[in-house]
file work_32.txt (compact mmCIF, C-alpha atoms and all ligand atoms)
# COMPACT_ATOMS: atom_id res chain seq x y z
CA MET A 1 174.27 -151.76 116.50
CA LEU A 2 172.12 -149.19 114.72
CA TRP A 3 173.76 -146.35 116.63
CA ILE A 4 177.16 -147.54 115.65
CA LEU A 5 176.11 -147.62 112.02
CA ILE A 6 174.68 -144.10 112.19
CA ALA A 7 177.78 -142.83 113.94
CA ALA A 8 179.94 -144.47 111.31
CA LEU A 9 177.92 -142.93 108.47
CA ALA A 10 178.02 -139.49 110.05
CA CYS A 11 181.75 -139.82 110.52
CA THR A 12 182.25 -140.90 106.92
CA LYS A 13 180.13 -138.03 105.67
CA ASP A 14 182.10 -135.48 107.66
CA GLU A 15 185.37 -136.83 106.41
CA GLY A 16 184.09 -136.76 102.86
CA THR A 17 183.08 -133.14 103.13
CA ASP A 18 186.43 -132.14 104.56
CA THR A 19 188.32 -134.04 101.89
CA ASN A 20 186.29 -132.45 99.11
CA SER A 21 186.78 -128.90 100.28
CA GLY A 22 190.47 -129.58 100.63
CA GLN A 23 190.64 -130.86 97.08
CA ASP A 24 188.75 -127.89 95.73
CA SER A 25 191.15 -125.36 97.13
CA ALA A 26 194.11 -127.49 96.09
CA ASP A 27 192.76 -127.63 92.52
CA THR A 28 192.43 -123.87 92.40
CA VAL A 29 196.00 -123.38 93.52
CA ASP A 30 197.37 -126.11 91.26
CA THR A 31 195.93 -124.92 87.98
CA GLY A 32 196.78 -121.27 88.49
CA VAL A 33 194.46 -120.44 85.60
CA LEU A 34 192.49 -117.23 85.91
CA GLU A 35 188.90 -117.67 84.88
CA ASN A 36 188.04 -115.91 81.64
CA THR A 37 185.57 -113.06 82.03
CA VAL A 38 185.63 -111.67 78.47
CA PHE A 39 182.85 -112.79 76.18
CA MET A 40 181.23 -111.84 72.90
CA THR A 41 177.88 -110.31 73.83
CA ALA A 42 176.40 -108.88 70.62
CA LEU A 43 177.05 -108.76 66.90
CA VAL A 44 175.63 -107.51 63.63
CA ALA A 45 176.44 -109.48 60.47
CA ALA A 46 174.59 -107.32 57.93
CA ASN A 47 174.76 -103.68 58.91
CA THR A 48 172.93 -101.56 56.35
CA SER A 49 171.50 -98.68 58.40
CA GLY A 50 172.91 -98.97 61.93
CA ASP A 51 176.04 -97.45 63.43
CA GLN A 52 178.85 -96.26 61.17
CA ASP A 53 182.56 -96.61 61.72
CA GLU A 54 185.20 -93.83 61.60
CA ALA A 55 185.09 -93.98 57.79
CA ASP A 56 181.31 -93.36 57.81
CA GLN A 57 180.70 -96.89 56.60
CA PHE A 58 178.01 -99.32 57.75
CA GLU A 59 180.09 -102.28 58.86
CA ASP A 60 179.62 -105.55 60.69
CA TRP A 61 180.73 -105.60 64.30
CA VAL A 62 181.02 -107.73 67.41
CA LYS A 63 180.94 -106.45 70.98
CA LEU A 64 183.30 -107.86 73.60
CA SER A 65 182.35 -107.39 77.25
CA ASN A 66 184.12 -107.93 80.54
CA LEU A 67 181.50 -109.71 82.66
CA GLY A 68 183.83 -110.14 85.63
CA ASP A 69 184.69 -108.12 88.73
CA GLU A 70 188.29 -107.33 87.79
CA PRO A 71 189.85 -105.40 84.89
CA ALA A 72 190.55 -107.67 81.90
CA ASP A 73 193.49 -107.31 79.52
CA LEU A 74 192.41 -108.02 75.94
CA GLY A 75 195.78 -107.38 74.30
CA GLY A 76 196.93 -110.40 72.34
CA MET A 77 193.55 -112.12 72.32
CA GLY A 78 192.43 -113.38 68.93
CA LEU A 79 189.21 -113.26 66.92
CA SER A 80 188.58 -115.66 64.07
CA ASP A 81 185.72 -116.23 61.63
CA GLY A 82 187.27 -119.49 60.48
CA TYR A 83 186.60 -122.97 61.78
CA PRO A 84 189.04 -124.30 62.77
CA GLU A 85 190.29 -120.91 63.80
CA GLU A 86 193.52 -120.43 61.89
CA GLN A 87 195.40 -117.14 61.74
CA PRO A 88 193.12 -115.17 64.07
CA TRP A 89 193.12 -111.40 64.01
CA ILE A 90 194.97 -110.20 67.13
CA LEU A 91 193.50 -107.53 69.41
CA PRO A 92 195.59 -104.47 70.32
CA GLU A 93 196.60 -103.63 73.90
CA LEU A 94 193.35 -102.82 75.62
CA THR A 95 192.03 -103.13 79.17
CA LEU A 96 188.34 -103.39 79.91
CA ALA A 97 187.05 -102.30 83.32
CA PRO A 98 184.48 -104.58 84.94
CA GLY A 99 181.19 -104.27 83.06
CA ASP A 100 182.74 -102.38 80.14
CA SER A 101 182.49 -103.35 76.48
CA VAL A 102 184.35 -102.59 73.28
CA ARG A 103 183.13 -102.83 69.71
CA ILE A 104 185.33 -104.52 67.14
CA TRP A 105 184.44 -103.60 63.57
CA CYS A 106 184.51 -106.63 61.29
CA ASP A 107 185.07 -104.80 58.01
CA ASP A 108 188.43 -106.04 56.73
CA ASP A 109 189.55 -102.40 56.87
CA GLU A 110 192.51 -102.51 59.23
CA SER A 111 193.58 -99.10 57.93
CA ASP A 112 190.40 -97.61 59.48
CA GLY A 113 191.79 -98.06 63.01
CA GLU A 114 193.16 -100.56 65.48
CA LEU A 115 189.72 -101.91 66.40
CA HIS A 116 189.04 -103.15 62.85
CA ALA A 117 189.44 -106.87 62.26
CA ASN A 118 190.76 -108.32 59.01
CA PHE A 119 187.56 -110.18 58.19
CA LYS A 120 183.87 -109.55 57.69
CA LEU A 121 180.87 -111.40 59.10
CA SER A 122 178.50 -113.34 56.91
CA ARG A 123 174.75 -112.91 57.32
CA ALA A 124 174.31 -116.40 55.86
CA GLY A 125 176.01 -117.99 58.83
CA GLU A 126 179.45 -118.23 60.36
CA VAL A 127 181.38 -119.37 63.42
CA LEU A 128 183.11 -116.63 65.38
CA THR A 129 185.68 -117.58 68.01
CA LEU A 130 187.43 -115.58 70.72
CA LEU A 131 190.86 -116.92 71.64
CA SER A 132 193.23 -116.22 74.49
CA ALA A 133 196.71 -114.87 73.78
CA ASP A 134 198.02 -118.44 73.85
CA GLY A 135 195.36 -119.75 71.48
CA ALA A 136 192.85 -121.32 73.88
CA VAL A 137 189.19 -120.99 72.94
CA LEU A 138 187.51 -118.54 75.32
CA ASP A 139 184.16 -118.12 73.62
CA ARG A 140 182.41 -119.16 70.44
CA VAL A 141 179.20 -118.15 68.71
CA SER A 142 177.62 -119.35 65.50
CA TRP A 143 174.52 -118.45 63.55
CA THR A 144 172.86 -119.72 60.42
CA GLU A 145 171.08 -116.67 59.08
CA LEU A 146 170.66 -113.08 60.16
CA GLU A 147 168.57 -110.46 58.43
CA ALA A 148 169.79 -106.99 57.62
CA ASP A 149 170.46 -104.91 60.76
CA GLU A 150 169.43 -107.67 63.14
CA VAL A 151 171.42 -107.54 66.36
CA TYR A 152 172.31 -110.98 67.67
CA VAL A 153 172.72 -110.78 71.43
CA ARG A 154 173.83 -113.05 74.20
CA SER A 155 171.17 -113.71 76.81
CA ASP A 156 170.85 -115.99 79.79
CA ASP A 157 169.23 -118.57 77.51
CA GLY A 158 171.83 -118.38 74.74
CA TRP A 159 172.01 -116.15 71.70
CA GLU A 160 168.91 -114.57 70.19
CA VAL A 161 167.90 -111.81 67.81
CA GLU A 162 167.25 -108.65 69.81
CA CA B 201 185.41 -99.56 57.42
CA CA B 202 183.63 -113.99 57.31

call {"tool": "encode", "arguments": {"input": "work_32.txt", "output": "structure tokens", "more": "lines below"}}
Ligand SMILES: [Ca+2]
Ligand SMILES: [Ca+2]
result
Amino acid sequence: MLWILIAALACTKDEGTDTNSGQDSADTVDTGVLENTVFMTALVAANTSGDQDEADQFEDWVKLSNLGDEPADLGGMGLSDGYPEEQPWILPELTLAPGDSVRIWCDDDESDGELHANFKLSRAGEVLTLLSADGAVLDRVSWTELEADEVYVRSDDGWEVE
């Protein structure tokens, strides 16, 4: 009797494993959604003596990085400092190789170049959201207070002042 029970359990377990792996692959095919690999990885909300933009101005910035293994197309993605994120600034056509980053200046100086968003960051706290071309939230970061020239960076444990 015991052997029958063990055999039955083993059989059930095997079937369960097979069923699960089948569902997993089916889910992947069904959704057809490519996993996002582009994230915000650093920002400065009160730049007073750091890097300067093309107009020789100390400006706020956020760095976007492709943390995946494949090239990522950023064109059409949105960045917003509003919450909820209405009327995001739209990124220009741009492809990031795996491991590469791009700096977006947050200076409300769109005439300075195509990588200049139409908003600034607030050192007193803000919510910054990265959106896909169809408006889905890809990444979000918030802070409550940053000192002058502090670089807020993404780490394995969350965001922290560098
Ligand atoms: Ca500027
Ligand atoms: Ca702002």

call {"tool": "residues_near_ligand", "arguments": {"input": "work_32.txt", "ligand": "ligand CA 201 (chain B)", "cutoff": "7 Å", "atoms": "all atoms listed in the file", "output": "list in words"}}
result
Asp53, Ala55, Gln57, Glu59, Asp107, Asp109 and Asp112 of chain A

call {"tool": "write_last_selection", "arguments": {"input": "work_32.txt", "atoms": "C-alpha atoms", "output": "tab-separated table (two decimals), in the coordinates of the input"}}
result
chain	number	residue	atom	x	y	z
A	53	ASP	CA	182.56	-96.61	61.72
A	55	ALA	CA	185.09	-93.98	57.79
A	57	GLN	CA	180.70	-96.89	56.60
A	59	GLU	CA	180.09	-102.28	58.86
A	107	ASP	CA	185.07	-104.80	58.01
A	109	ASP	CA	189.55	-102.40	56.87
A	112	ASP	CA	190.40	-97.61	59.48

call {"tool": "residues_near_ligand", "arguments": {"input": "work_32.txt", "ligand": "ligand CA 202 (chain B)", "cutoff": "6 Å", "atoms": "only C-alpha atoms and all ligand atoms", "output": "PyMOL selection string"}}
result
chain A and resi 81+119-122

call {"tool": "residues_around", "arguments": {"input": "work_32.txt", "residues": "Asn47 in chain A", "least_positions_apart": "6", "cutoff": "6 Å", "atoms": "all atoms listed in the file", "output": "JSON, numbers by chain"}}
result
{"A": [58, 59, 60, 149]}

call {"tool": "closest_residue", "arguments": {"input": "work_32.txt", "among": "A:Glu162, A:Asp69, A:Glu85, A:Glu110", "to": "Val38 in chain A", "atoms": "all atoms listed in the file"}}
result
A:Asp69

call {"tool": "atom_distance", "arguments": {"input": "work_32.txt", "atom1": "CA of Leu138 in chain A", "atom2": "CA of Asp51 in chain A"}}
result
26.8 Å

call {"tool": "closest_residue", "arguments": {"input": "work_32.txt", "among": "A:Met40, A:Leu128, A:Leu64, A:Ala148", "to": "Arg103 in chain A", "atoms": "all atoms listed in the file"}}
result
A:Leu64

call {"tool": "closest_residue", "arguments": {"input": "work_32.txt", "among": "A:Val151, A:Ala72, A:Met77, A:Ile90", "to": "Ser49 in chain A", "atoms": "all atoms listed in the file"}}
result
A:Val151

call {"tool": "closest_residue", "arguments": {"input": "work_32.txt", "among": "A:Val62, A:Ala97, A:Ala46, A:Ala124", "to": "Arg154 in chain A", "atoms": "all atoms listed in the file"}}
result
A:Val62

call {"tool": "closest_residue", "arguments": {"input": "work_32.txt", "among": "A:Pro92, A:Asp100, A:Glu160, A:Ser132", "to": "Lys63 in chain A", "atoms": "all atoms listed in the file"}}
result
A:Asp100

call {"tool": "closest_residue", "arguments": {"input": "work_32.txt", "among": "A:Gly99, A:Gly68, A:Gly135, A:Gly158", "to": "Pro84 in chain A", "atoms": "only C-alpha atoms"}}
result
A:Gly135

call {"tool": "atom_distance", "arguments": {"input": "work_32.txt", "atom1": "CA of Ser155 in chain A", "atom2": "CA of Thr95 in chain A"}}
result
23.5 Å
